[in-house]
Amino acid sequence: MKRLGNTLFGVILPLVAVLVFALLLTFSLVRMFDVESAMRVEAEQNMLWVLHQSEVAALRLSKAATLAEMGEVEADAISLRFDILASRIALLKDGPQRRFIEKIGFANELDRLDEAMAAIAPMVSDFSPDDALRLRAVLAPFPRLFGRAANAAMIAEWDDMGGRLAAYRAQLRQTITFLIGIMIAGGILALTLVLALRQTRQRNRMLRRERDFSTLLISSSDEGILAVDRAGRCTLWNGAMAEMVGKPATQTVGRTLAEVAGFFAIATVRRGLTRALDGDSSQLTLQPLFQPDRDGPLHVDLRFFPLRDEGVILGAIVFMYDASDRHAAQQKDAADRDRLEELVVERTRDLDSALRREKSAADLYRNFAAMVSHQFRTPLAVADSALQRLIRRGARAEADEVAERAGRARDAIAGLTRLVDSTLDTARLDAGQLGARRVKCDLTGIIEAACARQREATPDRRIVLQHAAPPRSPALCDPAHAEQIVENLLSNAIKYAPAGAPLSVILHGDARHLSCDVHHAGASIAEADREYLFERNFRGTNSVGIAGTGIGLFMARTLARMQGGDVTLQPSCEGVTFRMTLPAFSQRP
Amino acid sequence: MWAKVGVLFTALMVVSTAALSAQDRAAHEKTKHEKALLQITGQVAGGEANLNREALYALPPAELVTSTVVTDGQHTFSGFLMRDLLEQVESQGNFVTAVALNDYAVDIPVSDFYHFDVIVAYSMDGKLLNRSGKGPLWIVYPRDDHEELQDIRYDYRWVWQLYQLDVLP
């Protein structure tokens, strides 16, 4: 309802007023033009004067005739007066005057006067005082006729004038009415204009208030807000933005963003701005924003929007939110997750290794029978045969022989014991029961003892111990384990080196590590076997016919690694070299 | 443009003068010694000037085509420019009282003659104006050429049967 009223008062009424205004104005103008052209006074309205002059001319001719009769004037005077009267008659007979005379009904009388004039013309041209009487007689009706015509002319002119004035009055009244209408329409227009002006002022005030409010909102916002025009120049830069970027509005407004800070020249940010200027909104999250006087970057979220006015893109507005806290939380989450994953991997590895140990224990027990049948049978058979011989010889046996046979049996049993020990060690290793007690120890002594024992066990084999360079520092290791490793490597070398070939043991090292190489000049190990050499229960292609459990090298490497060292096969083209490496003892842990 | 028209009219005048009949010429000869047609008094050289037909014909001829308020249709008037006449007699006045034979008298501002090509006609449509018509002289305004002249305040200045001009200061 109110809206309808607004439309009526705001649009229809002024339109109607304008229409009425124009219409009335046109009518008034047409009326006024009518009046203007009607007001041109025609000469024929001067007929009263013409007729009066004619009457005067006739009277004066008559008077001249009288005077001539008395001899007081010349014939020339008669001629002059006659000519003047003739000119009057001629005038009355001409065009507009003639029509007027016809209108007032004096045409016949005029014609008669003209004829009379023609009749007296010869008298005048050759005037004699005797003609005067006749001339006067002819002229007698002239003044009376002109007087009556003047009378009629006066009435006709007044009638005409009265009618004309009445018409003017009517037209003026109409014009006045139109003017009143124009005034009313003008008043309505003026009123509408005033109302519209007031409304406009009100709207302007409201707009200003809204703008002030928007400015307040923008300036007090925590979020950084900036606006750019179509050319990419900054037009708005609020306090939060200044805080984040580190530049006040005075240094930014009017410049392109790329000039303001390098951040805005980054490809992604620039693309966001370009898209906004093309009319597409977009957003970016957690963009690092570096500031010269700050240690770390801020991480900000950006939102880009086009600024439109009635479909035309005026520029773009960018909101920047400091999301550093969120970024930190996310980083922490990621770190926690990584740690958790590591933990899981570790646990999985532990579980895997436990599983492997269980599996290998099971394998060990499964293989134990086979091993016993294979490895244990030989020494048992050796001991048995030695003891059988002794029994068979009985008292015949000499003391030397008894000692020799018994010694052989004992050796076999000792080997068996060692076999059992090593088997058990492996089991303990698998079960994780074998721990390393790393202490400062003299590796040279350990190696010398191991060589001595080996020489005793196999006196026919030559073992050469060399010190490449005297080790400056002692090793950090479990001496028992170190000894076992060296023993394993030595017995392994004894087993696989060709008979008679010497073994060499070389001790060397540097500031951080000590190494012990066990070398023999035997056939080098097949390429295919090298990879699996240190695996449990692996036996190389060259081990056929040689007693062994397949766990010697595995044990050696495992023990060495437990102490931070390693056992490796040195790549060499001549012979075979296994190297034990152990960490050197250092004062500084 | 107007200069061209003037030349044309002058040529026409020469032709028409040449075409005057023998009788007209005789009449002309007769009037040559007649008394003055136009009497000029007041602020002029010598205080008075009497101009006969010959003197008037000696002025630069002028022609004008216009309608009048007392006749129908347009007419061609021949005569001379009022300002030429006044200059000839060394007029010093601002007003001219034109007097007709019937004692009709009108004051005309001299400026009229300079604003408009007002002529004193002695013939209309090639016929001499005579006393029983509008002659011998008729002040004619170029009514059709100027709208402001189509006004009764100018109409009364068209004095015919003119015989006297009194130049007023």
# chains A, B, ... in the order shown; residues from 1 in each chain; ligands from 1
>>> residues_around(residues="stretch 80-88 of chain A", least_positions_apart="2", cutoff="6 Å", atoms="only C-alpha atoms", output="PyMOL selection string")
(chain A and resi 54+57-58+61+77-78+90-91) or (chain B and resi 131-133)
>>> write_last_selection(atoms="N, CA and C atoms", output="mmCIF file, in the first residue's frame")
data_model
loop_
_atom_site.group_PDB
_atom_site.id
_atom_site.type_symbol
_atom_site.label_atom_id
_atom_site.label_comp_id
_atom_site.auth_asym_id
_atom_site.auth_seq_id
_atom_site.Cartn_x
_atom_site.Cartn_y
_atom_site.Cartn_z
ATOM 1 N N SER A 54 -12.469 62.653 -47.133
ATOM 2 C CA SER A 54 -13.191 62.775 -48.400
ATOM 3 C C SER A 54 -14.255 63.871 -48.282
ATOM 4 N N ALA A 57 -12.641 67.135 -48.366
ATOM 5 C CA ALA A 57 -12.203 67.472 -49.727
ATOM 6 C C ALA A 57 -13.386 68.000 -50.555
ATOM 7 N N ALA A 58 -14.539 67.307 -50.415
ATOM 8 C CA ALA A 58 -15.738 67.716 -51.162
ATOM 9 C C ALA A 58 -16.172 69.118 -50.745
ATOM 10 N N LEU A 61 -13.769 71.699 -52.071
ATOM 11 C CA LEU A 61 -13.967 71.948 -53.500
ATOM 12 C C LEU A 61 -15.190 72.870 -53.700
ATOM 13 N N ALA A 77 -6.868 76.780 -58.130
ATOM 14 C CA ALA A 77 -7.323 76.304 -56.817
ATOM 15 C C ALA A 77 -8.449 75.294 -56.980
ATOM 16 N N ILE A 78 -9.380 75.581 -57.915
ATOM 17 C CA ILE A 78 -10.480 74.643 -58.183
ATOM 18 C C ILE A 78 -9.892 73.311 -58.638
ATOM 19 N N ALA A 90 -10.724 57.982 -55.807
ATOM 20 C CA ALA A 90 -9.884 56.891 -56.334
ATOM 21 C C ALA A 90 -9.448 55.958 -55.201
ATOM 22 N N LEU A 91 -9.090 56.565 -54.087
ATOM 23 C CA LEU A 91 -8.670 55.755 -52.932
ATOM 24 C C LEU A 91 -9.806 54.840 -52.486
ATOM 25 N N ARG B 131 -1.792 64.050 -59.632
ATOM 26 C CA ARG B 131 -2.377 64.690 -58.465
ATOM 27 C C ARG B 131 -3.759 64.121 -58.140
ATOM 28 N N SER B 132 -4.474 63.638 -59.184
ATOM 29 C CA SER B 132 -5.797 63.080 -58.894
ATOM 30 C C SER B 132 -5.689 61.633 -58.379
ATOM 31 N N GLY B 133 -4.457 61.151 -58.337
ATOM 32 C CA GLY B 133 -4.225 59.841 -57.712
ATOM 33 C C GLY B 133 -3.467 60.074 -56.408
#
>>> closest_atom_pairs(of="chain B", to="chain A", cutoff="9 Å", atoms="only C-alpha atoms", output="tab-separated table")
residue	atom	partner	partner_atom	distance
B:Val69	CA	A:Ala43	CA	5.9
B:Val70	CA	A:Pro96	CA	6.4
B:Thr71	CA	A:Gly95	CA	5.1
B:Asp72	CA	A:Gly95	CA	5.2
B:Gly73	CA	A:Gly95	CA	8.9
B:Leu101	CA	A:Ile84	CA	7.4
B:Asn102	CA	A:Ile84	CA	6.8
B:Asn130	CA	A:Asp83	CA	8.8
B:Arg131	CA	A:Asp83	CA	5.7
B:Ser132	CA	A:Asp83	CA	4.2
B:Gly133	CA	A:Ser87	CA	4.5
B:Lys134	CA	A:Ser87	CA	6.6
B:Gly135	CA	A:Ser87	CA	8.8
B:Gln150	CA	A:Arg40	CA	8.6
B:Asp151	CA	A:Arg40	CA	7.4
B:Ile152	CA	A:Val41	CA	6.9
B:Asp155	CA	A:Ala43	CA	8.0
B:Gln161	CA	A:Ile84	CA	8.4
>>> write_last_selection(atoms="all heavy atoms", output="compact mmCIF listing (two decimals), in the first residue's frame")
# COMPACT_ATOMS: atom_id res chain seq x y z
N VAL B 69 -0.87 49.48 -47.84
CA VAL B 69 -2.07 49.15 -47.07
C VAL B 69 -3.33 49.65 -47.77
O VAL B 69 -4.43 49.31 -47.36
CB VAL B 69 -2.01 49.74 -45.63
CG1 VAL B 69 -0.99 49.00 -44.82
CG2 VAL B 69 -1.76 51.22 -45.64
N VAL B 70 -3.17 50.49 -48.81
CA VAL B 70 -4.37 51.03 -49.43
C VAL B 70 -4.62 50.44 -50.81
O VAL B 70 -5.55 50.83 -51.49
CB VAL B 70 -4.30 52.58 -49.53
CG1 VAL B 70 -4.34 53.20 -48.15
CG2 VAL B 70 -3.06 53.01 -50.29
N THR B 71 -3.78 49.48 -51.21
CA THR B 71 -3.99 48.84 -52.51
C THR B 71 -3.85 47.35 -52.34
O THR B 71 -3.38 46.86 -51.31
CB THR B 71 -2.93 49.30 -53.54
OG1 THR B 71 -1.64 49.03 -52.99
CG2 THR B 71 -3.05 50.77 -53.86
N ASP B 72 -4.28 46.63 -53.40
CA ASP B 72 -4.10 45.18 -53.38
C ASP B 72 -2.85 44.83 -54.16
O ASP B 72 -2.53 45.50 -55.15
CB ASP B 72 -5.31 44.50 -54.04
CG ASP B 72 -6.52 44.54 -53.10
OD1 ASP B 72 -6.31 44.67 -51.87
OD2 ASP B 72 -7.66 44.44 -53.61
N GLY B 73 -2.18 43.79 -53.72
CA GLY B 73 -1.04 43.27 -54.45
C GLY B 73 0.20 44.14 -54.31
O GLY B 73 0.20 45.16 -53.62
N LEU B 101 -0.95 67.74 -49.98
CA LEU B 101 -1.77 68.81 -50.57
C LEU B 101 -3.03 69.06 -49.78
O LEU B 101 -3.54 70.16 -49.71
CB LEU B 101 -2.12 68.46 -52.02
CG LEU B 101 -0.93 68.50 -53.01
CD1 LEU B 101 -1.37 67.95 -54.36
CD2 LEU B 101 -0.41 69.93 -53.15
N ASN B 102 -3.59 68.02 -49.13
CA ASN B 102 -4.82 68.21 -48.35
C ASN B 102 -4.51 68.63 -46.91
O ASN B 102 -5.30 68.44 -46.01
CB ASN B 102 -5.66 66.95 -48.37
CG ASN B 102 -4.99 65.81 -47.64
OD1 ASN B 102 -3.77 65.84 -47.41
ND2 ASN B 102 -5.76 64.81 -47.24
N ASN B 130 -0.14 60.99 -60.60
CA ASN B 130 -0.65 62.35 -60.82
C ASN B 130 -1.44 62.82 -59.61
O ASN B 130 -1.73 62.06 -58.69
CB ASN B 130 -1.44 62.43 -62.11
CG ASN B 130 -2.55 61.40 -62.12
OD1 ASN B 130 -3.16 61.14 -61.09
ND2 ASN B 130 -2.81 60.79 -63.28
N ARG B 131 -1.79 64.05 -59.63
CA ARG B 131 -2.38 64.69 -58.47
C ARG B 131 -3.76 64.12 -58.14
O ARG B 131 -4.18 64.12 -56.99
CB ARG B 131 -2.47 66.20 -58.72
CG ARG B 131 -2.46 67.00 -57.45
CD ARG B 131 -2.21 68.45 -57.74
NE ARG B 131 -3.28 69.02 -58.56
CZ ARG B 131 -3.35 70.30 -58.95
NH1 ARG B 131 -2.40 71.13 -58.57
NH2 ARG B 131 -4.32 70.75 -59.71
N SER B 132 -4.47 63.64 -59.18
CA SER B 132 -5.80 63.08 -58.89
C SER B 132 -5.69 61.63 -58.38
O SER B 132 -6.68 61.00 -58.06
CB SER B 132 -6.68 63.14 -60.14
OG SER B 132 -6.06 62.39 -61.16
N GLY B 133 -4.46 61.15 -58.34
CA GLY B 133 -4.22 59.84 -57.71
C GLY B 133 -3.47 60.07 -56.41
O GLY B 133 -3.94 60.75 -55.52
N LYS B 134 -2.18 59.49 -56.31
CA LYS B 134 -1.38 59.67 -55.09
C LYS B 134 -0.24 60.64 -55.35
O LYS B 134 0.66 60.79 -54.54
CB LYS B 134 -0.82 58.32 -54.64
CG LYS B 134 -1.88 57.22 -54.49
CD LYS B 134 -2.38 57.14 -53.11
CE LYS B 134 -3.36 55.99 -52.84
NZ LYS B 134 -4.30 55.64 -53.90
N GLY B 135 -0.26 61.26 -56.55
CA GLY B 135 0.86 62.10 -56.95
C GLY B 135 0.79 63.51 -56.41
O GLY B 135 -0.09 63.82 -55.62
N GLN B 150 5.54 46.73 -40.90
CA GLN B 150 4.13 46.35 -41.09
C GLN B 150 3.38 46.71 -39.82
O GLN B 150 2.94 45.85 -39.04
CB GLN B 150 4.03 44.86 -41.41
CG GLN B 150 4.64 44.52 -42.75
CD GLN B 150 5.04 43.06 -42.90
OE1 GLN B 150 4.49 42.21 -42.22
NE2 GLN B 150 5.99 42.79 -43.78
N ASP B 151 3.25 48.01 -39.59
CA ASP B 151 2.75 48.52 -38.31
C ASP B 151 2.04 49.84 -38.62
O ASP B 151 2.54 50.64 -39.43
CB ASP B 151 3.97 48.75 -37.39
CG ASP B 151 3.55 49.12 -35.98
OD1 ASP B 151 2.73 50.04 -35.82
OD2 ASP B 151 4.07 48.48 -35.05
N ILE B 152 0.88 50.08 -37.96
CA ILE B 152 0.15 51.32 -38.29
C ILE B 152 0.96 52.57 -37.95
O ILE B 152 0.73 53.63 -38.50
CB ILE B 152 -1.24 51.39 -37.60
CG1 ILE B 152 -1.11 51.15 -36.10
CG2 ILE B 152 -2.21 50.42 -38.24
CD1 ILE B 152 -2.43 51.39 -35.37
N ASP B 155 2.56 53.05 -41.01
CA ASP B 155 1.62 53.25 -42.12
C ASP B 155 1.25 54.72 -42.29
O ASP B 155 1.08 55.20 -43.41
CB ASP B 155 0.34 52.43 -41.89
CG ASP B 155 0.61 50.93 -42.05
OD1 ASP B 155 1.66 50.59 -42.66
OD2 ASP B 155 -0.19 50.10 -41.57
N GLN B 161 0.54 62.63 -52.18
CA GLN B 161 0.30 64.03 -52.58
C GLN B 161 1.24 64.95 -51.80
O GLN B 161 0.89 66.04 -51.37
CB GLN B 161 -1.17 64.42 -52.34
CG GLN B 161 -2.09 63.66 -53.30
CD GLN B 161 -3.55 64.02 -53.11
OE1 GLN B 161 -3.98 64.34 -52.00
NE2 GLN B 161 -4.32 63.97 -54.19
>>> select_by_dssp(residues="stretch 37-118 of chain B", states="strand (DSSP E or B)", output="MDAnalysis selection string")
chainID B and resid 38:42 48:51 61:67 74:81 95:100 105:109
>>> atom_distance(atom1="atom CA of A:Gly279", atom2="atom CA of A:Trp237")
20.8 Å
>>> closest_residue(among="B:Asp166, B:Asp112, B:Asp107, B:Asp145", to="B:Gly47", atoms="only C-alpha atoms")
B:Asp166
>>> residues_around(residues="B:Leu37", least_positions_apart="5", cutoff="7 Å", atoms="only C-alpha atoms", output="PyMOL selection string")
chain B and resi 51-53+163
>>> residues_around(residues="A:Gln287", least_positions_apart="5", cutoff="9 Å", atoms="only C-alpha atoms", output="PDB file with C-alpha atoms, in the first residue's frame")
ATOM      1  CA  VAL A 269      48.576 -14.525  -4.236  1.00  0.00           C
ATOM      2  CA  LEU A 298      53.003 -15.533  10.050  1.00  0.00           C
ATOM      3  CA  HIS A 299      50.691 -18.018   8.466  1.00  0.00           C
ATOM      4  CA  VAL A 300      47.698 -16.306   6.987  1.00  0.00           C
ATOM      5  CA  ASP A 301      44.463 -17.298   5.303  1.00  0.00           C
ATOM      6  CA  LEU A 302      43.496 -15.140   2.350  1.00  0.00           C
TER       7      LEU A 302
END
>>> select_by_dssp(residues="stretch 39-129 of chain B", states="alpha helix (DSSP H)", output="ChimeraX atom specification")
/B:53-58,82-88,111-115
>>> write_last_selection(atoms="all heavy atoms", output="compact mmCIF listing (two decimals), in the first residue's frame")
# COMPACT_ATOMS: atom_id res chain seq x y z
N ARG B 53 10.44 69.14 -61.11
CA ARG B 53 10.52 67.73 -61.53
C ARG B 53 11.90 67.38 -62.06
O ARG B 53 12.42 66.32 -61.76
CB ARG B 53 9.44 67.49 -62.61
CG ARG B 53 9.23 66.03 -62.94
CD ARG B 53 8.04 65.82 -63.85
NE ARG B 53 6.76 66.15 -63.24
CZ ARG B 53 6.03 65.28 -62.53
NH1 ARG B 53 6.46 64.05 -62.32
NH2 ARG B 53 4.88 65.65 -62.02
N GLU B 54 12.47 68.33 -62.80
CA GLU B 54 13.78 68.06 -63.39
C GLU B 54 14.82 67.81 -62.31
O GLU B 54 15.61 66.87 -62.38
CB GLU B 54 14.20 69.25 -64.26
CG GLU B 54 15.37 68.92 -65.15
CD GLU B 54 15.78 70.13 -65.98
OE1 GLU B 54 15.39 71.27 -65.63
OE2 GLU B 54 16.48 69.93 -66.96
N ALA B 55 14.79 68.65 -61.31
CA ALA B 55 15.75 68.49 -60.20
C ALA B 55 15.54 67.16 -59.48
O ALA B 55 16.50 66.47 -59.11
CB ALA B 55 15.59 69.65 -59.24
N LEU B 56 14.30 66.80 -59.31
CA LEU B 56 14.02 65.54 -58.61
C LEU B 56 14.47 64.34 -59.46
O LEU B 56 15.03 63.39 -58.94
CB LEU B 56 12.53 65.43 -58.30
CG LEU B 56 11.98 66.46 -57.31
CD1 LEU B 56 10.48 66.30 -57.14
CD2 LEU B 56 12.67 66.35 -55.95
N TYR B 57 14.26 64.44 -60.78
CA TYR B 57 14.66 63.34 -61.66
C TYR B 57 16.18 63.22 -61.73
O TYR B 57 16.70 62.17 -62.07
CB TYR B 57 14.08 63.54 -63.05
CG TYR B 57 12.66 63.00 -63.20
CD1 TYR B 57 11.70 63.24 -62.20
CD2 TYR B 57 12.28 62.27 -64.32
CE1 TYR B 57 10.42 62.76 -62.34
CE2 TYR B 57 10.99 61.78 -64.45
CZ TYR B 57 10.05 62.04 -63.46
OH TYR B 57 8.80 61.55 -63.59
N ALA B 58 16.85 64.31 -61.39
CA ALA B 58 18.32 64.28 -61.45
C ALA B 58 18.91 63.48 -60.28
O ALA B 58 20.07 63.08 -60.32
CB ALA B 58 18.86 65.70 -61.44
N MET B 82 14.97 59.02 -50.04
CA MET B 82 14.74 60.21 -49.23
C MET B 82 16.06 60.74 -48.70
O MET B 82 16.30 61.94 -48.65
CB MET B 82 13.79 59.86 -48.09
CG MET B 82 13.38 61.04 -47.25
SD MET B 82 12.38 62.22 -48.16
CE MET B 82 10.85 62.08 -47.29
N ARG B 83 16.97 59.84 -48.33
CA ARG B 83 18.23 60.31 -47.76
C ARG B 83 19.11 61.00 -48.81
O ARG B 83 19.82 61.94 -48.49
CB ARG B 83 18.98 59.18 -47.06
CG ARG B 83 19.36 57.99 -47.89
CD ARG B 83 20.27 57.05 -47.09
NE ARG B 83 20.57 55.84 -47.85
CZ ARG B 83 19.87 54.71 -47.76
NH1 ARG B 83 18.85 54.63 -46.93
NH2 ARG B 83 20.21 53.66 -48.48
N ASP B 84 19.00 60.53 -50.07
CA ASP B 84 19.74 61.22 -51.14
C ASP B 84 19.25 62.67 -51.27
O ASP B 84 20.04 63.60 -51.42
CB ASP B 84 19.56 60.50 -52.47
CG ASP B 84 20.32 59.17 -52.49
OD1 ASP B 84 21.20 58.98 -51.59
OD2 ASP B 84 20.05 58.34 -53.38
N LEU B 85 17.93 62.78 -51.17
CA LEU B 85 17.33 64.10 -51.28
C LEU B 85 17.82 65.02 -50.17
O LEU B 85 18.26 66.14 -50.41
CB LEU B 85 15.80 63.98 -51.23
CG LEU B 85 15.04 65.29 -51.18
CD1 LEU B 85 15.19 66.05 -52.50
CD2 LEU B 85 13.57 65.07 -50.87
N LEU B 86 17.74 64.47 -48.94
CA LEU B 86 18.13 65.29 -47.78
C LEU B 86 19.60 65.65 -47.84
O LEU B 86 20.00 66.74 -47.46
CB LEU B 86 17.81 64.55 -46.48
CG LEU B 86 16.31 64.35 -46.21
CD1 LEU B 86 16.08 63.62 -44.89
CD2 LEU B 86 15.59 65.69 -46.18
N GLU B 87 20.41 64.75 -48.33
CA GLU B 87 21.84 65.06 -48.45
C GLU B 87 22.07 66.11 -49.53
O GLU B 87 22.92 66.99 -49.39
CB GLU B 87 22.62 63.78 -48.73
CG GLU B 87 22.96 63.04 -47.44
CD GLU B 87 23.31 61.57 -47.66
OE1 GLU B 87 23.77 61.21 -48.77
OE2 GLU B 87 23.12 60.80 -46.69
N GLN B 88 21.27 66.01 -50.57
CA GLN B 88 21.38 66.99 -51.66
C GLN B 88 21.14 68.41 -51.14
O GLN B 88 21.84 69.34 -51.51
CB GLN B 88 20.35 66.64 -52.74
CG GLN B 88 20.12 67.73 -53.74
CD GLN B 88 20.62 67.32 -55.12
OE1 GLN B 88 21.21 66.24 -55.26
NE2 GLN B 88 20.43 68.16 -56.10
N SER B 111 16.05 59.34 -39.01
CA SER B 111 16.69 58.01 -38.87
C SER B 111 15.98 56.96 -39.72
O SER B 111 16.61 56.01 -40.18
CB SER B 111 16.70 57.60 -37.40
OG SER B 111 15.39 57.56 -36.89
N ASP B 112 14.66 57.12 -39.91
CA ASP B 112 13.91 56.17 -40.76
C ASP B 112 14.59 56.02 -42.12
O ASP B 112 14.69 54.92 -42.65
CB ASP B 112 12.50 56.70 -41.01
CG ASP B 112 11.51 56.23 -39.95
OD1 ASP B 112 11.99 55.76 -38.90
OD2 ASP B 112 10.28 56.32 -40.18
N PHE B 113 15.05 57.14 -42.65
CA PHE B 113 15.57 57.13 -44.02
C PHE B 113 16.93 56.46 -44.10
O PHE B 113 17.38 56.08 -45.17
CB PHE B 113 15.66 58.56 -44.55
CG PHE B 113 14.37 59.33 -44.35
CD1 PHE B 113 14.37 60.62 -43.84
CD2 PHE B 113 13.15 58.71 -44.64
CE1 PHE B 113 13.18 61.30 -43.66
CE2 PHE B 113 11.96 59.40 -44.45
CZ PHE B 113 11.96 60.71 -43.95
N TYR B 114 17.57 56.37 -42.93
CA TYR B 114 18.87 55.71 -42.91
C TYR B 114 18.76 54.24 -42.54
O TYR B 114 19.55 53.41 -42.97
CB TYR B 114 19.84 56.47 -42.00
CG TYR B 114 20.26 57.78 -42.63
CD1 TYR B 114 19.52 58.94 -42.43
CD2 TYR B 114 21.35 57.83 -43.49
CE1 TYR B 114 19.86 60.12 -43.04
CE2 TYR B 114 21.70 59.01 -44.11
CZ TYR B 114 20.96 60.16 -43.89
OH TYR B 114 21.31 61.31 -44.52
N HIS B 115 17.73 53.93 -41.71
CA HIS B 115 17.50 52.51 -41.37
C HIS B 115 16.89 51.75 -42.54
O HIS B 115 17.16 50.58 -42.71
CB HIS B 115 16.58 52.40 -40.16
CG HIS B 115 17.24 52.78 -38.88
ND1 HIS B 115 16.54 53.19 -37.77
CD2 HIS B 115 18.53 52.83 -38.52
CE1 HIS B 115 17.38 53.49 -36.81
NE2 HIS B 115 18.61 53.27 -37.24
>>> closest_residue(among="B:Gly42, B:Asn50, B:Trp158, B:Leu165", to="B:Gln92", atoms="only C-alpha atoms")
B:Gly42
>>> decode(residues="stretch 214-243 of chain A", atoms="C-alpha atoms", output="PDB file, in the first residue's frame")
ATOM      1  CA  SER A 214      31.640   0.350   7.351  1.00  0.00           C
ATOM      2  CA  THR A 215      34.815   2.376   7.814  1.00  0.00           C
ATOM      3  CA  LEU A 216      34.603   1.773  11.565  1.00  0.00           C
ATOM      4  CA  LEU A 217      34.041  -1.934  10.986  1.00  0.00           C
ATOM      5  CA  ILE A 218      36.953  -2.145   8.589  1.00  0.00           C
ATOM      6  CA  SER A 219      39.318  -0.217  10.801  1.00  0.00           C
ATOM      7  CA  SER A 220      38.414  -2.143  13.940  1.00  0.00           C
ATOM      8  CA  SER A 221      38.419  -5.543  12.310  1.00  0.00           C
ATOM      9  CA  ASP A 222      40.930  -8.135  13.545  1.00  0.00           C
ATOM     10  CA  GLU A 223      41.075  -9.369  10.028  1.00  0.00           C
ATOM     11  CA  GLY A 224      43.347  -7.546   7.632  1.00  0.00           C
ATOM     12  CA  ILE A 225      41.331  -5.895   4.885  1.00  0.00           C
ATOM     13  CA  LEU A 226      42.654  -4.296   1.741  1.00  0.00           C
ATOM     14  CA  ALA A 227      41.065  -3.180  -1.485  1.00  0.00           C
ATOM     15  CA  VAL A 228      42.561  -2.513  -4.894  1.00  0.00           C
ATOM     16  CA  ASP A 229      41.199  -0.738  -7.940  1.00  0.00           C
ATOM     17  CA  ARG A 230      41.137  -2.205 -11.435  1.00  0.00           C
ATOM     18  CA  ALA A 231      44.711  -1.119 -12.062  1.00  0.00           C
ATOM     19  CA  GLY A 232      45.774  -3.086  -8.971  1.00  0.00           C
ATOM     20  CA  ARG A 233      46.533  -0.009  -6.866  1.00  0.00           C
ATOM     21  CA  CYS A 234      45.719  -0.174  -3.180  1.00  0.00           C
ATOM     22  CA  THR A 235      42.721   1.927  -2.132  1.00  0.00           C
ATOM     23  CA  LEU A 236      42.056   0.570   1.346  1.00  0.00           C
ATOM     24  CA  TRP A 237      44.404  -0.743   3.998  1.00  0.00           C
ATOM     25  CA  ASN A 238      43.145  -1.239   7.507  1.00  0.00           C
ATOM     26  CA  GLY A 239      44.984  -1.342  10.806  1.00  0.00           C
ATOM     27  CA  ALA A 240      45.068  -5.110  11.117  1.00  0.00           C
ATOM     28  CA  MET A 241      46.573  -5.314   7.633  1.00  0.00           C
ATOM     29  CA  ALA A 242      49.213  -2.748   8.601  1.00  0.00           C
ATOM     30  CA  GLU A 243      50.000  -4.822  11.701  1.00  0.00           C
TER      31      GLU A 243
END
